[in-house]
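Structure first, then comments.
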Amino acid sequence: MVAEYVDGVSVPECVIVEFYDAIDETEAEFAIYPNPASNTLYINGGNAEYSYEMYNSMGQKVAEGNATGNTQINVNDMMKGVYFLRLTTGTQVRVEKVVVE
(Lines give C-alpha, C1' and ligand atoms only; values in the text may rest on other atoms or scores of the structure.)
Protein backbone atom coordinates (compact mmCIF):
# COMPACT_ATOMS: atom_id res chain seq x y z
CA MET A 1 0.00 0.00 0.00
CA VAL A 2 1.30 3.45 -0.86
CA ALA A 3 -0.25 6.72 0.33
CA GLU A 4 -0.15 9.63 -2.08
CA TYR A 5 0.54 13.13 -0.73
CA VAL A 6 0.83 16.52 -2.43
CA ASP A 7 4.62 16.36 -1.87
CA GLY A 8 5.09 12.76 -3.02
CA VAL A 9 4.27 9.25 -1.87
CA SER A 10 4.90 7.23 1.25
CA VAL A 11 7.20 4.26 1.62
CA PRO A 12 5.44 1.10 0.39
CA GLU A 13 3.92 -0.91 3.24
CA CYS A 14 2.47 -4.39 3.28
CA VAL A 15 -1.02 -4.60 4.76
CA ILE A 16 -2.55 -7.91 5.79
CA VAL A 17 -6.33 -8.06 5.71
CA GLU A 18 -7.98 -10.93 7.56
CA PHE A 19 -11.60 -11.91 7.10
CA TYR A 20 -13.56 -13.35 10.00
CA ASP A 21 -16.89 -14.97 9.25
CA ALA A 22 -19.45 -13.34 11.58
CA ILE A 23 -21.82 -16.29 11.44
CA ASP A 24 -21.24 -19.06 13.94
CA GLU A 25 -22.30 -22.31 12.30
CA THR A 26 -23.07 -23.81 15.72
CA GLU A 27 -25.70 -21.19 16.65
CA ALA A 28 -28.92 -22.64 17.95
CA GLU A 29 -32.13 -22.06 16.04
CA PHE A 30 -35.14 -21.12 18.16
CA ALA A 31 -38.84 -21.09 17.37
CA ILE A 32 -41.02 -19.12 19.79
CA TYR A 33 -44.78 -19.50 19.40
CA PRO A 34 -47.56 -18.50 19.50
CA ASN A 35 -46.91 -14.80 19.42
CA PRO A 36 -49.13 -13.24 20.67
CA ALA A 37 -49.62 -15.80 23.46
CA SER A 38 -52.53 -16.07 25.86
CA ASN A 39 -51.92 -19.19 27.99
CA THR A 40 -48.64 -20.88 27.15
CA LEU A 41 -45.56 -19.71 25.27
CA TYR A 42 -43.57 -22.50 23.63
CA ILE A 43 -39.84 -22.42 22.95
CA ASN A 44 -38.39 -24.95 20.53
CA GLY A 45 -34.61 -24.92 20.80
CA GLY A 46 -33.78 -28.06 18.82
CA ASN A 47 -31.12 -29.92 20.80
CA ALA A 48 -29.60 -26.79 22.31
CA GLU A 49 -29.04 -26.26 26.02
CA TYR A 50 -30.10 -22.75 26.97
CA SER A 51 -31.39 -20.53 29.71
CA TYR A 52 -34.30 -18.17 29.34
CA GLU A 53 -35.41 -15.02 31.13
CA MET A 54 -38.60 -13.12 30.43
CA TYR A 55 -38.92 -9.43 31.34
CA ASN A 56 -41.92 -7.12 31.37
CA SER A 57 -41.79 -3.65 29.81
CA MET A 58 -40.53 -2.18 33.10
CA GLY A 59 -37.51 -4.51 33.11
CA GLN A 60 -38.78 -6.79 35.87
CA LYS A 61 -37.97 -10.49 35.49
CA VAL A 62 -41.23 -12.45 35.37
CA ALA A 63 -39.97 -15.92 34.38
CA GLU A 64 -36.67 -17.78 34.14
CA GLY A 65 -35.32 -21.27 33.73
CA ASN A 66 -32.94 -23.66 32.00
CA ALA A 67 -33.91 -26.06 29.25
CA THR A 68 -32.67 -28.42 26.58
CA GLY A 69 -34.74 -28.56 23.43
CA ASN A 70 -38.38 -27.66 24.06
CA THR A 71 -39.92 -25.85 27.01
CA GLN A 72 -43.08 -23.98 27.95
CA ILE A 73 -43.68 -20.75 29.85
CA ASN A 74 -47.07 -20.26 31.51
CA VAL A 75 -48.16 -16.71 30.64
CA ASN A 76 -51.78 -17.18 31.80
CA ASP A 77 -51.29 -15.08 34.98
CA MET A 78 -49.20 -12.36 33.31
CA MET A 79 -50.71 -8.97 32.54
CA LYS A 80 -51.45 -8.22 28.91
CA GLY A 81 -48.61 -6.38 27.21
CA VAL A 82 -45.17 -6.58 25.62
CA TYR A 83 -42.46 -8.77 27.15
CA PHE A 84 -38.87 -9.51 26.21
CA LEU A 85 -37.62 -13.09 26.13
CA ARG A 86 -33.85 -13.48 26.48
CA LEU A 87 -32.42 -16.82 25.35
CA THR A 88 -28.80 -17.60 26.20
CA THR A 89 -26.66 -20.51 25.00
CA GLY A 90 -22.93 -20.96 25.42
CA THR A 91 -22.26 -18.99 22.24
CA GLN A 92 -25.14 -16.62 21.72
CA VAL A 93 -27.70 -14.33 23.31
CA ARG A 94 -30.99 -13.68 21.56
CA VAL A 95 -33.79 -11.34 22.64
CA GLU A 96 -37.29 -11.69 21.23
CA LYS A 97 -40.31 -9.46 21.73
CA VAL A 98 -43.35 -11.42 22.90
CA VAL A 99 -46.91 -10.13 23.25
CA VAL A 100 -49.15 -11.55 25.96
CA GLU A 101 -52.88 -11.05 25.40
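Just remember, in the C-alpha coordinates the first chain shown is A, the second B, etc., residues are 1-based per chain, and ligands are 1-based in the order shown.
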
Listing only residues of segment 29-64 of chain A within 6 Å of segment 74-97 of chain A, what is the closest atom pair and its distance in Å (to one decimal) for each, using only C-alpha atoms, sorted by chain and residue number ascending, as CSV?
residue,atom,partner,partner_atom,distance
A:Asn39,CA,A:Asn76,CA,4.3
A:Thr40,CA,A:Asn74,CA,4.7
A:Tyr50,CA,A:Thr89,CA,4.6
A:Ser51,CA,A:Thr88,CA,5.3
A:Tyr52,CA,A:Leu87,CA,4.6
A:Glu53,CA,A:Arg86,CA,5.1
A:Met54,CA,A:Leu85,CA,4.4
A:Tyr55,CA,A:Phe84,CA,5.1
A:Asn56,CA,A:Tyr83,CA,4.6
A:Ser57,CA,A:Tyr83,CA,5.8

Handout entry: Residue neighbourhood Gln72 of chain A, 9 Å, only C-alpha atoms, exclusion window fewer than 4 positions, as a list in words
Key = Thr40, Leu41, Tyr42, Ile43 and Asn44 of chain A

Exercise for the section: Have a look at atom CA of Lys61 of chain A and atom CA of Asn35 of chain A and let me know their distance in Å, one decimal. Expected result: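 If I compute the distance from atom CA of Lys61 of chain A to atom CA of Asn35 of chain A, I get 18.9 Å.
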
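One finds atom CA of Glu101 of chain A at 25.3 Å from atom CA of Gly69 of chain A.
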
Handout entry: Atom-to-atom span, atom CA of Asn47 of chain A and atom CA of Thr68 of chain A, Å
Key =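 Atom CA of Thr68 of chain A lies 6.2 Å from atom CA of Asn47 of chain A.
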
Practice task
For Gly46 of chain A, work out the shell of residues within 10 Å, counting only C-alpha atoms and skipping chain neighbours fewer than 4 positions away, then give it as a PyMOL selection string.
Solution key: chain A and resi 28-31+68-70
